[in-house]
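*Asks:* model.pdb is reproduced in full below (PDB, C-alpha atoms and all ligand atoms).
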```
ATOM      1  CA  MET A   1     146.144  98.131  98.850
ATOM      2  CA  GLY A   2     145.475  94.390  98.432
ATOM      3  CA  LYS A   3     142.986  94.558 101.286
ATOM      4  CA  GLU A   4     141.234  97.551  99.699
ATOM      5  CA  ARG A   5     140.954  95.706  96.389
ATOM      6  CA  ASN A   6     139.281  92.783  98.171
ATOM      7  CA  LYS A   7     136.552  95.144  99.360
ATOM      8  CA  MET A   8     135.517  96.094  95.820
ATOM      9  CA  PRO A   9     132.565  94.176  94.403
ATOM     10  CA  MET A  10     133.708  91.600  91.863
ATOM     11  CA  LEU A  11     132.066  89.200  89.471
ATOM     12  CA  GLN A  12     133.041  85.535  89.564
ATOM     13  CA  GLU A  13     131.957  83.206  86.800
ATOM     14  CA  ASP A  14     132.579  79.541  86.023
ATOM     15  CA  SER A  15     131.086  78.920  82.597
ATOM     16  CA  TYR A  16     131.765  75.155  82.759
ATOM     17  CA  LEU A  17     130.100  74.395  86.086
ATOM     18  CA  LYS A  18     127.510  77.112  85.298
ATOM     19  CA  ARG A  19     128.069  79.110  88.456
ATOM     20  CA  ASN A  20     128.306  82.873  88.915
ATOM     21  CA  SER A  21     128.404  85.219  91.880
ATOM     22  CA  LYS A  22     129.142  88.771  92.884
ATOM     23  CA  ILE A  23     131.470  88.892  95.858
ATOM     24  CA  THR A  24     130.521  92.060  97.740
ATOM     25  CA  GLU A  25     131.810  92.119 101.304
ATOM     26  CA  ASN A  26     130.574  95.687 101.777
ATOM     27  CA  ARG A  27     126.945  94.484 101.666
ATOM     28  CA  ALA A  28     127.460  92.537 104.887
ATOM     29  CA  LYS A  29     127.428  95.921 106.670
ATOM     30  CA  ARG A  30     123.899  96.842 105.581
ATOM     31  CA  PRO A  31     121.414  97.331 108.424
ATOM     32  CA  PHE A  32     118.445  95.038 109.090
ATOM     33  CA  ILE A  33     115.460  97.216 109.986
ATOM     34  CA  MET A  34     112.242  95.256 110.252
ATOM     35  CA  GLY A  35     110.271  97.294 112.774
ATOM     36  CA  GLU A  36     111.945 100.410 114.128
ATOM     37  CA  LYS A  37     110.724 103.472 112.212
ATOM     38  CA  GLU A  38     113.230 105.715 114.034
ATOM     39  CA  LYS A  39     116.195 103.877 112.495
ATOM     40  CA  CYS A  40     114.704 103.594 108.979
ATOM     41  CA  PRO A  41     116.838 105.442 106.375
ATOM     42  CA  PHE A  42     113.911 105.493 103.899
ATOM     43  CA  CYS A  43     111.510 107.435 106.162
ATOM     44  CA  LYS A  44     110.819 111.166 105.803
ATOM     45  CA  GLY A  45     113.454 113.371 107.411
ATOM     46  CA  LYS A  46     116.313 110.875 106.940
ATOM     47  CA  GLU A  47     117.455 112.416 103.653
ATOM     48  CA  ARG A  48     120.976 113.018 104.957
ATOM     49  CA  GLN A  49     121.475 109.253 105.287
ATOM     50  CA  LEU A  50     120.785 108.756 101.577
ATOM     51  CA  GLU A  51     123.477 108.548  98.946
ATOM     52  CA  GLU A  52     123.002 110.363  95.627
ATOM     53  CA  ILE A  53     119.362 110.962  94.539
ATOM     54  CA  TYR A  54     118.940 110.119  90.832
ATOM     55  CA  LEU A  55     115.209 110.838  90.415
ATOM     56  CA  GLU A  56     112.373 112.153  92.569
ATOM     57  CA  VAL A  57     108.643 112.450  91.776
ATOM     58  CA  HIS A  58     105.668 113.580  93.849
ATOM     59  CA  LEU A  59     101.996 112.693  94.159
ATOM     60  CA  PRO A  60     100.788 115.817  96.027
ATOM     61  CA  GLU A  61      97.124 114.769  96.335
ATOM     62  CA  GLU A  62      98.230 111.719  98.357
ATOM     63  CA  ARG A  63     101.230 113.408 100.008
ATOM     64  CA  GLU A  64     103.430 110.749  98.464
ATOM     65  CA  ARG A  65     106.922 110.837  97.019
ATOM     66  CA  ILE A  66     109.044 108.281  95.141
ATOM     67  CA  ARG A  67     112.824 108.501  95.043
ATOM     68  CA  ILE A  68     115.442 106.532  93.145
ATOM     69  CA  VAL A  69     118.758 106.711  94.986
ATOM     70  CA  LYS A  70     122.193 105.120  94.887
ATOM     71  CA  ASN A  71     122.348 101.989  97.037
ATOM     72  CA  LYS A  72     124.562 102.628 100.067
ATOM     73  CA  TYR A  73     125.744  98.996  99.956
ATOM     74  CA  PRO A  74     125.948  98.294  96.210
ATOM     75  CA  PHE A  75     126.849  94.955  94.664
ATOM     76  CA  CYS A  76     128.261  96.728  91.623
ATOM     77  CA  GLU A  77     129.686 100.191  91.000
ATOM     78  CA  PRO A  78     130.778 102.231  87.976
ATOM     79  CA  ILE A  79     134.344 100.954  88.273
ATOM     80  CA  LYS A  80     136.411  98.731  85.996
ATOM     81  CA  GLY A  81     136.068  94.986  86.590
ATOM     82  CA  ASN A  82     132.496  94.957  87.905
ATOM     83  CA  TYR A  83     130.953  97.940  86.158
ATOM     84  CA  GLY A  84     127.375  98.762  86.979
ATOM     85  CA  PHE A  85     124.832 100.669  89.017
ATOM     86  CA  HIS A  86     122.789  99.475  91.971
ATOM     87  CA  ASP A  87     119.820 101.685  92.868
ATOM     88  CA  VAL A  88     117.129 101.647  95.523
ATOM     89  CA  VAL A  89     113.617 102.817  94.606
ATOM     90  CA  ILE A  90     111.891 104.115  97.749
ATOM     91  CA  ASP A  91     108.307 103.912  96.526
ATOM     92  CA  THR A  92     106.450 105.476  99.464
ATOM     93  CA  LEU A  93     106.964 107.980 102.281
ATOM     94  CA  SER A  94     105.049 105.749 104.658
ATOM     95  CA  HIS A  95     107.065 103.249 106.734
ATOM     96  CA  LYS A  96     104.492 100.460 106.601
ATOM     97  CA  LYS A  97     102.408 101.130 103.468
ATOM     98  CA  GLU A  98     102.373  98.141 101.126
ATOM     99  CA  PRO A  99     102.137  98.172  97.308
ATOM    100  CA  LYS A 100      98.803  96.302  97.484
ATOM    101  CA  ASP A 101      97.389  99.486  99.047
ATOM    102  CA  PHE A 102      98.920 101.938  96.537
ATOM    103  CA  SER A 103      96.355 103.872  94.460
ATOM    104  CA  SER A 104      96.268 103.420  90.667
ATOM    105  CA  ALA A 105      97.922 106.859  90.266
ATOM    106  CA  HIS A 106     100.681 105.801  92.686
ATOM    107  CA  TRP A 107     101.354 102.596  90.717
ATOM    108  CA  VAL A 108     101.565 104.477  87.412
ATOM    109  CA  LEU A 109     103.933 107.071  88.893
ATOM    110  CA  LEU A 110     106.150 104.267  90.243
ATOM    111  CA  LEU A 111     106.259 102.366  86.942
ATOM    112  CA  GLU A 112     106.916 105.619  85.039
ATOM    113  CA  VAL A 113     109.794 106.781  87.248
ATOM    114  CA  MET A 114     111.462 103.348  87.129
ATOM    115  CA  GLN A 115     111.123 103.513  83.347
ATOM    116  CA  LYS A 116     112.809 106.965  83.362
ATOM    117  CA  ARG A 117     115.714 105.469  85.296
ATOM    118  CA  TRP A 118     115.828 102.574  82.810
ATOM    119  CA  TYR A 119     116.240 105.146  79.965
ATOM    120  CA  GLN A 120     119.101 106.817  81.869
ATOM    121  CA  LEU A 121     120.847 103.461  82.295
ATOM    122  CA  GLN A 122     120.243 102.520  78.654
ATOM    123  CA  LYS A 123     122.132 105.663  77.580
ATOM    124  CA  ASP A 124     125.273 104.305  79.277
ATOM    125  CA  ALA A 125     127.073 102.407  76.490
ATOM    126  CA  GLN A 126     128.683 100.021  78.999
ATOM    127  CA  VAL A 127     125.358  98.831  80.462
ATOM    128  CA  LYS A 128     124.293  95.564  78.812
ATOM    129  CA  PHE A 129     121.793  94.233  81.352
ATOM    130  CA  THR A 130     119.272  95.684  83.813
ATOM    131  CA  GLN A 131     117.327  93.814  86.477
ATOM    132  CA  ILE A 132     114.416  95.494  88.271
ATOM    133  CA  PHE A 133     113.148  93.594  91.307
ATOM    134  CA  LYS A 134     111.380  93.871  94.630
ATOM    135  CA  ASN A 135     112.080  91.881  97.780
ATOM    136  CA  ASN A 136     109.069  92.165 100.085
ATOM    137  CA  GLY A 137     109.696  90.730 103.554
ATOM    138  CA  SER A 138     112.885  89.285 105.038
ATOM    139  CA  GLY A 139     111.992  85.809 103.727
ATOM    140  CA  ALA A 140     112.218  87.281 100.214
ATOM    141  CA  GLY A 141     115.580  88.980 100.766
ATOM    142  CA  ALA A 142     114.564  92.407 102.132
ATOM    143  CA  SER A 143     116.713  93.926 104.886
ATOM    144  CA  ILE A 144     114.467  96.969 105.462
ATOM    145  CA  ILE A 145     110.706  96.690 105.993
ATOM    146  CA  HIS A 146     109.955 100.100 104.395
ATOM    147  CA  SER A 147     108.702  99.284 100.873
ATOM    148  CA  HIS A 148     111.341  99.608  98.160
ATOM    149  CA  TRP A 149     112.552  98.113  94.873
ATOM    150  CA  GLN A 150     116.049  97.696  93.467
ATOM    151  CA  ILE A 151     117.481  98.290  90.015
ATOM    152  CA  ALA A 152     120.776  96.620  89.126
ATOM    153  CA  ALA A 153     122.557  97.364  85.847
ATOM    154  CA  PHE A 154     125.686  95.504  84.714
ATOM    155  CA  ASP A 155     128.150  95.467  81.830
ATOM    156  CA  THR A 156     127.745  91.672  81.496
ATOM    157  CA  LEU A 157     124.784  89.304  81.557
ATOM    158  CA  PRO A 158     124.373  86.737  84.350
ATOM    159  CA  LEU A 159     124.889  83.154  83.094
ATOM    160  CA  LYS A 160     121.183  82.251  83.230
ATOM    161  CA  GLN A 161     120.258  85.197  81.011
ATOM    162  CA  LYS A 162     123.094  84.461  78.570
ATOM    163  CA  GLU A 163     121.877  80.889  78.124
ATOM    164  CA  GLN A 164     118.197  81.869  77.885
ATOM    165  CA  ASN A 165     118.979  84.499  75.255
ATOM    166  CA  ILE A 166     120.851  81.980  73.095
ATOM    167  CA  ALA A 167     118.010  79.421  73.357
ATOM    168  CA  LEU A 168     115.328  82.038  72.592
ATOM    169  CA  MET A 169     117.347  83.408  69.677
ATOM    170  CA  HIS A 170     117.695  79.908  68.177
ATOM    171  CA  TYR A 171     113.940  79.339  68.576
ATOM    172  CA  TYR A 172     113.249  82.625  66.788
ATOM    173  CA  GLU A 173     115.633  81.768  63.939
ATOM    174  CA  GLU A 174     113.995  78.379  63.392
ATOM    175  CA  GLU A 175     110.327  79.275  63.929
ATOM    176  CA  LYS A 176     110.362  82.964  62.863
ATOM    177  CA  GLN A 177     108.338  83.659  65.983
ATOM    178  CA  CYS A 178     108.988  84.831  69.557
ATOM    179  CA  TYR A 179     108.758  81.844  71.953
ATOM    180  CA  ILE A 180     106.632  83.690  74.533
ATOM    181  CA  CYS A 181     104.247  85.091  71.861
ATOM    182  CA  GLU A 182     103.861  81.507  70.637
ATOM    183  CA  GLN A 183     103.092  80.276  74.165
ATOM    184  CA  LEU A 184     100.402  82.970  74.533
ATOM    185  CA  HIS A 185      98.935  82.061  71.152
ATOM    186  CA  ASP A 186      98.866  78.348  72.071
ATOM    187  CA  LYS A 187      97.377  79.111  75.525
ATOM    188  CA  VAL A 188      99.912  76.876  77.286
ATOM    189  CA  HIS A 189      99.599  78.746  80.602
ATOM    190  CA  GLU A 190      96.658  78.810  83.036
ATOM    191  CA  LEU A 191      94.871  82.152  82.753
ATOM    192  CA  ILE A 192      94.140  83.937  86.049
ATOM    193  CA  ILE A 193      92.922  87.375  84.894
ATOM    194  CA  GLU A 194      93.563  89.708  81.985
ATOM    195  CA  ASN A 195      92.984  93.226  80.715
ATOM    196  CA  SER A 196      93.489  94.619  77.218
ATOM    197  CA  GLU A 197      97.290  94.871  77.674
ATOM    198  CA  TRP A 198      98.314  91.949  79.914
ATOM    199  CA  GLN A 199      97.551  88.343  80.791
ATOM    200  CA  ALA A 200      98.161  87.189  84.370
ATOM    201  CA  VAL A 201      98.846  83.457  84.242
ATOM    202  CA  ALA A 202     100.130  80.532  86.257
ATOM    203  CA  PRO A 203     103.007  79.486  83.968
ATOM    204  CA  ALA A 204     102.843  75.962  82.544
ATOM    205  CA  VAL A 205     106.215  75.242  84.139
ATOM    206  CA  SER A 206     105.767  76.858  87.564
ATOM    207  CA  GLN A 207     108.976  76.511  89.562
ATOM    208  CA  TYR A 208     107.642  78.188  92.684
ATOM    209  CA  THR A 209     104.459  77.255  94.524
ATOM    210  CA  HIS A 210     101.729  79.815  93.612
ATOM    211  CA  GLU A 211     103.933  81.549  91.007
ATOM    212  CA  THR A 212     102.253  84.106  88.689
ATOM    213  CA  TRP A 213     103.483  85.770  85.478
ATOM    214  CA  LEU A 214     102.138  88.972  84.009
ATOM    215  CA  ILE A 215     102.779  88.716  80.270
ATOM    216  CA  LEU A 216     102.500  91.658  77.883
ATOM    217  CA  LYS A 217     100.038  90.762  75.103
ATOM    218  CA  THR A 218     101.875  92.799  72.455
ATOM    219  CA  HIS A 219     105.398  91.737  71.576
ATOM    220  CA  LYS A 220     107.826  94.197  73.146
ATOM    221  CA  SER A 221     111.243  93.229  74.418
ATOM    222  CA  GLN A 222     112.144  96.184  76.623
ATOM    223  CA  TYR A 223     110.649  97.822  79.702
ATOM    224  CA  GLY A 224     111.460 101.149  78.029
ATOM    225  CA  GLN A 225     109.047 100.358  75.178
ATOM    226  CA  LEU A 226     105.950 100.108  77.398
ATOM    227  CA  ASN A 227     103.470 102.927  76.741
ATOM    228  CA  LEU A 228     101.305 104.681  79.336
ATOM    229  CA  LYS A 229      98.332 102.370  78.776
ATOM    230  CA  GLU A 230     100.563  99.325  79.306
ATOM    231  CA  LEU A 231     102.018 100.813  82.495
ATOM    232  CA  GLN A 232      98.481 101.571  83.748
ATOM    233  CA  GLY A 233      97.394  98.037  82.866
ATOM    234  CA  ALA A 234     100.364  96.520  84.720
ATOM    235  CA  GLY A 235      99.649  98.633  87.815
ATOM    236  CA  GLU A 236      95.976  97.637  87.748
ATOM    237  CA  LEU A 237      96.723  93.898  87.615
ATOM    238  CA  LEU A 238      99.633  93.985  90.083
ATOM    239  CA  LYS A 239      97.401  95.716  92.639
ATOM    240  CA  LYS A 240      94.616  93.155  92.118
ATOM    241  CA  LEU A 241      97.023  90.217  92.304
ATOM    242  CA  LEU A 242      98.798  91.460  95.437
ATOM    243  CA  ASN A 243      95.445  91.905  97.196
ATOM    244  CA  ALA A 244      94.360  88.409  96.156
ATOM    245  CA  TYR A 245      97.708  86.989  97.336
ATOM    246  CA  ASN A 246      97.238  88.775 100.652
ATOM    247  CA  GLU A 247      94.048  86.759 101.179
ATOM    248  CA  LEU A 248      95.384  83.491  99.778
ATOM    249  CA  LEU A 249      98.733  83.612 101.595
ATOM    250  CA  PRO A 250      98.563  86.322 104.301
ATOM    251  CA  LYS A 251     101.914  87.896 105.232
ATOM    252  CA  VAL A 252     103.911  85.596 102.940
ATOM    253  CA  PRO A 253     107.057  87.374 101.644
ATOM    254  CA  TYR A 254     107.306  87.761  97.886
ATOM    255  CA  ASN A 255     109.531  88.849  95.009
ATOM    256  CA  ILE A 256     108.501  90.763  91.906
ATOM    257  CA  CYS A 257     110.982  90.504  89.013
ATOM    258  CA  PHE A 258     110.848  92.315  85.666
ATOM    259  CA  MET A 259     111.890  89.680  83.183
ATOM    260  CA  SER A 260     113.436  91.065  80.088
ATOM    261  CA  ASN A 261     117.064  91.955  80.043
ATOM    262  CA  ALA A 262     116.974  93.524  76.581
ATOM    263  CA  MET A 263     118.614  96.952  76.504
ATOM    264  CA  ASN A 264     118.085  96.993  72.720
ATOM    265  CA  GLU A 265     115.014  95.898  70.803
ATOM    266  CA  GLU A 266     115.171  92.135  70.167
ATOM    267  CA  PRO A 267     112.542  90.094  68.291
ATOM    268  CA  TYR A 268     113.229  87.001  70.443
ATOM    269  CA  LEU A 269     112.976  88.578  73.939
ATOM    270  CA  HIS A 270     109.553  89.362  75.414
ATOM    271  CA  PHE A 271     108.802  91.486  78.477
ATOM    272  CA  TYR A 272     106.957  89.897  81.410
ATOM    273  CA  ILE A 273     106.792  90.232  85.184
ATOM    274  CA  GLN A 274     107.208  87.385  87.696
ATOM    275  CA  LEU A 275     105.393  87.407  91.025
ATOM    276  CA  ILE A 276     106.821  84.807  93.379
ATOM    277  CA  PRO A 277     105.557  84.107  96.907
ATOM    278  CA  ARG A 278     108.396  82.729  99.040
ATOM    279  CA  LEU A 279     106.512  80.110 101.011
ATOM    280  CA  VAL A 280     109.498  77.947 101.912
ATOM    281  CA  PRO A 281     113.262  78.516 101.778
ATOM    282  CA  MET A 282     115.063  76.738  98.955
ATOM    283  CA  GLY A 283     115.940  73.142  99.938
ATOM    284  CA  GLY A 284     118.988  71.009  99.216
ATOM    285  CA  PHE A 285     117.421  69.357  96.163
ATOM    286  CA  GLU A 286     116.715  72.741  94.531
ATOM    287  CA  VAL A 287     120.212  74.012  95.441
ATOM    288  CA  ALA A 288     121.842  70.886  93.986
ATOM    289  CA  THR A 289     119.789  70.500  90.820
ATOM    290  CA  GLY A 290     118.070  73.788  89.939
ATOM    291  CA  CYS A 291     114.871  71.700  89.697
ATOM    292  CA  TYR A 292     112.119  72.964  91.997
ATOM    293  CA  ILE A 293     109.606  70.925  93.962
ATOM    294  CA  ASN A 294     106.239  72.680  93.556
ATOM    295  CA  THR A 295     103.412  71.409  95.761
ATOM    296  CA  VAL A 296     100.550  73.245  93.981
ATOM    297  CA  HIS A 297      99.585  72.525  90.366
ATOM    298  CA  PRO A 298      99.464  75.711  88.221
ATOM    299  CA  LYS A 299      95.787  74.976  87.434
ATOM    300  CA  THR A 300      94.920  74.834  91.153
ATOM    301  CA  HIS A 301      96.801  78.085  91.784
ATOM    302  CA  ALA A 302      95.111  79.865  88.853
ATOM    303  CA  THR A 303      91.634  78.810  90.034
ATOM    304  CA  ALA A 304      92.287  79.898  93.633
ATOM    305  CA  LEU A 305      93.717  83.306  92.726
ATOM    306  CA  ARG A 306      91.041  83.955  90.046
ATOM    307  CA  GLN A 307      88.251  83.306  92.554
ATOM    308  CA  LEU A 308      89.793  85.762  95.016
ATOM    309  CA  VAL A 309      90.242  88.470  92.353
ATOM    310  CA  GLU A 310      86.627  87.993  91.207
ATOM    311  CA  THR A 311      85.132  88.141  94.724
ATOM    312  CA  ARG A 312      86.896  91.482  95.324
ATOM    313  CA  ARG A 313      85.238  93.122  92.279
TER     314      ARG A 313
HETATM  315 ZN    ZN B   1     110.668 103.845 106.981
HETATM  316 ZN    ZN B   2     106.935  87.999  71.948
END
```
I'd like the structure from this file rewritten - as structure tokens, please.
*Replies:*
Amino acid sequence: MGKERNKMPMLQEDSYLKRNSKITENRAKRPFIMGEKEKCPFCKGKERQLEEIYLEVHLPEERERIRIVKNKYPFCEPIKGNYGFHDVVIDTLSHKKEPKDFSSAHWVLLLEVMQKRWYQLQKDAQVKFTQIFKNNGSGAGASIIHSHWQIAAFDTLPLKQKEQNIALMHYYEEEKQCYICEQLHDKVHELIIENSEWQAVAPAVSQYTHETWLILKTHKSQYGQLNLKELQGAGELLKKLLNAYNELLPKVPYNICFMSNAMNEEPYLHFYIQLIPRLVPMGGFEVATGCYINTVHPKTHATALRQLVETRR
């Protein structure tokens, strides 16, 4: 019994030393599939290997399908003590198709179906936090080469988000303004490209080399609040940025993270998307201090990526 309990995912938190982790021994069993299509559980015809399917949508004109399924090796489960859901979003039927090559219709369908799942999770009264993210390439944390995203929903906030929320709430109380709206207004970031809904920028404080943020121009705190035009706009810019990155940093693994944890509407939280190339593994200084050594100035990055986006027009 004791042994069985050890196998359940559990949250560990030290609020004094500011450390938190999810101990999940079951995840050590997950397969690493970087090439072999035959072994890939996300390819067509491997449906029996999947756990529960939550949502499924089709794009018949491109013979594409997107599925949101239960993660076979979850780091949280709907059980007491570490309540949550851990999903996998299999965003293409093709083993090697990359999001930079998705059509506009494919991007919109993907962003819409992930939003539908977000609504389902929001309805669960115990869910207080949702993180949508993509690991592309083993250097960015992916264990399967077939393109996919993950959605993790918890009953508690990670420490970083708890602290950020408190700081942003205090800023809002003092200034009567959302901090990120204020940053956009003051043009503190380096603009790369924009459309009517979003600004793609190199953030003023760029922790990662060649980091980009996609910031919603209108103040909205939740992914669930984005309308169709905003989803289309996000898909358009993500596709352009990923193609530009592919020329600037060919084959470099990357993460995409949706950065607003608000499950309810909050005036002090603002939705944005982080795009982070993983050029080098984290070093000892970063591990020890949480301060990142960035070898490319945000201005240099913005200029380089802007030129590549413009030459592709
Ligand atoms: Zn596959
Ligand atoms: Zn705002």
*Asks:* Take the PyMOL selection byres (((not hetatm)) within 6 of (chain B and resi 2)), apply it to the structure above, and return the hits as an MDAnalysis selection string.
*Replies:* chainID A and resid 178 180:181 219 270
*Asks:* Report the residues retrieved by the PyMOL selection byres (((chain A and resi 221-229) around 9) and not hetatm) from the displayed file, expressed as a CSV table (one decimal) with C-alpha atoms, in the frame of the given file.
*Replies:*
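expr-v9.csv, written as the output of this step:
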```
chain,number,residue,atom,x,y,z
A,108,VAL,CA,101.6,104.5,87.4
A,112,GLU,CA,106.9,105.6,85.0
A,115,GLN,CA,111.1,103.5,83.3
A,116,LYS,CA,112.8,107.0,83.4
A,118,TRP,CA,115.8,102.6,82.8
A,119,TYR,CA,116.2,105.1,80.0
A,122,GLN,CA,120.2,102.5,78.7
A,197,GLU,CA,97.3,94.9,77.7
A,219,HIS,CA,105.4,91.7,71.6
A,220,LYS,CA,107.8,94.2,73.1
A,230,GLU,CA,100.6,99.3,79.3
A,231,LEU,CA,102.0,100.8,82.5
A,232,GLN,CA,98.5,101.6,83.7
A,233,GLY,CA,97.4,98.0,82.9
A,234,ALA,CA,100.4,96.5,84.7
A,258,PHE,CA,110.8,92.3,85.7
A,259,MET,CA,111.9,89.7,83.2
A,260,SER,CA,113.4,91.1,80.1
A,261,ASN,CA,117.1,92.0,80.0
A,262,ALA,CA,117.0,93.5,76.6
A,263,MET,CA,118.6,97.0,76.5
A,264,ASN,CA,118.1,97.0,72.7
A,265,GLU,CA,115.0,95.9,70.8
A,266,GLU,CA,115.2,92.1,70.2
A,267,PRO,CA,112.5,90.1,68.3
A,268,TYR,CA,113.2,87.0,70.4
A,269,LEU,CA,113.0,88.6,73.9
A,270,HIS,CA,109.6,89.4,75.4
A,271,PHE,CA,108.8,91.5,78.5
A,272,TYR,CA,107.0,89.9,81.4
```
*Asks:* Counting all atoms listed in the file, which of A:Asn255, A:Ser143, A:Ser15, A:Ser104 gets nearest to ligand ZN 1 (chain B)?
*Replies:* A:Ser143
*Asks:* Name all residues at most 6 Å from region 128-132 of chain A (count only C-alpha atoms; drop same-chain ones fewer than 4 positions away) and give them as a VMD selection string.
*Replies:* chain A and resid 150 to 157 258 261
*Asks:* Write out as a list in words each polymer residue (protein, DNA or RNA) that has an atom no more than 7 Å from ligand ZN 1 (chain B), with all atoms listed in the file counted.
*Replies:* Lys37, Cys40, Pro41, Phe42, Cys43, Ser94, His95 and His146 of chain A
*Asks:* Just write the chosen residues, C-alpha atoms, as a PDB file, keeping the file's coordinate frame.
*Replies:*
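Listing of out.pdb after writing:
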```pdb
ATOM      1  CA  LYS A  37     110.724 103.472 112.212  1.00  0.00           C
ATOM      2  CA  CYS A  40     114.704 103.594 108.979  1.00  0.00           C
ATOM      3  CA  PRO A  41     116.838 105.442 106.375  1.00  0.00           C
ATOM      4  CA  PHE A  42     113.911 105.493 103.899  1.00  0.00           C
ATOM      5  CA  CYS A  43     111.510 107.435 106.162  1.00  0.00           C
ATOM      6  CA  SER A  94     105.049 105.749 104.658  1.00  0.00           C
ATOM      7  CA  HIS A  95     107.065 103.249 106.734  1.00  0.00           C
ATOM      8  CA  HIS A 146     109.955 100.100 104.395  1.00  0.00           C
TER       9      HIS A 146
END
```
*Asks:* What does the distance between CA of Glu286 (chain A) and CA of Phe75 (chain A) come to in Å, to one decimal place?
*Replies:*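 Atom-to-atom, CA of Glu286 (chain A) and CA of Phe75 (chain A) are spaced 24.4 Å apart.
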*Asks:* Please identify all polymer residues within 9 Å of Val113 (chain A), counting all atoms listed in the file, omitting same-chain residues fewer than 5 positions from it, and present them as a count of residues only.
*Replies:* 8
*Asks:* Do you know which residues are at most 10 Å from Gly141 (chain A) counting only C-alpha atoms, after dropping those on the same chain fewer than 4 positions away, and could you put them as a PyMOL selection string?
*Replies:* chain A and resi 134-137+253-255+278
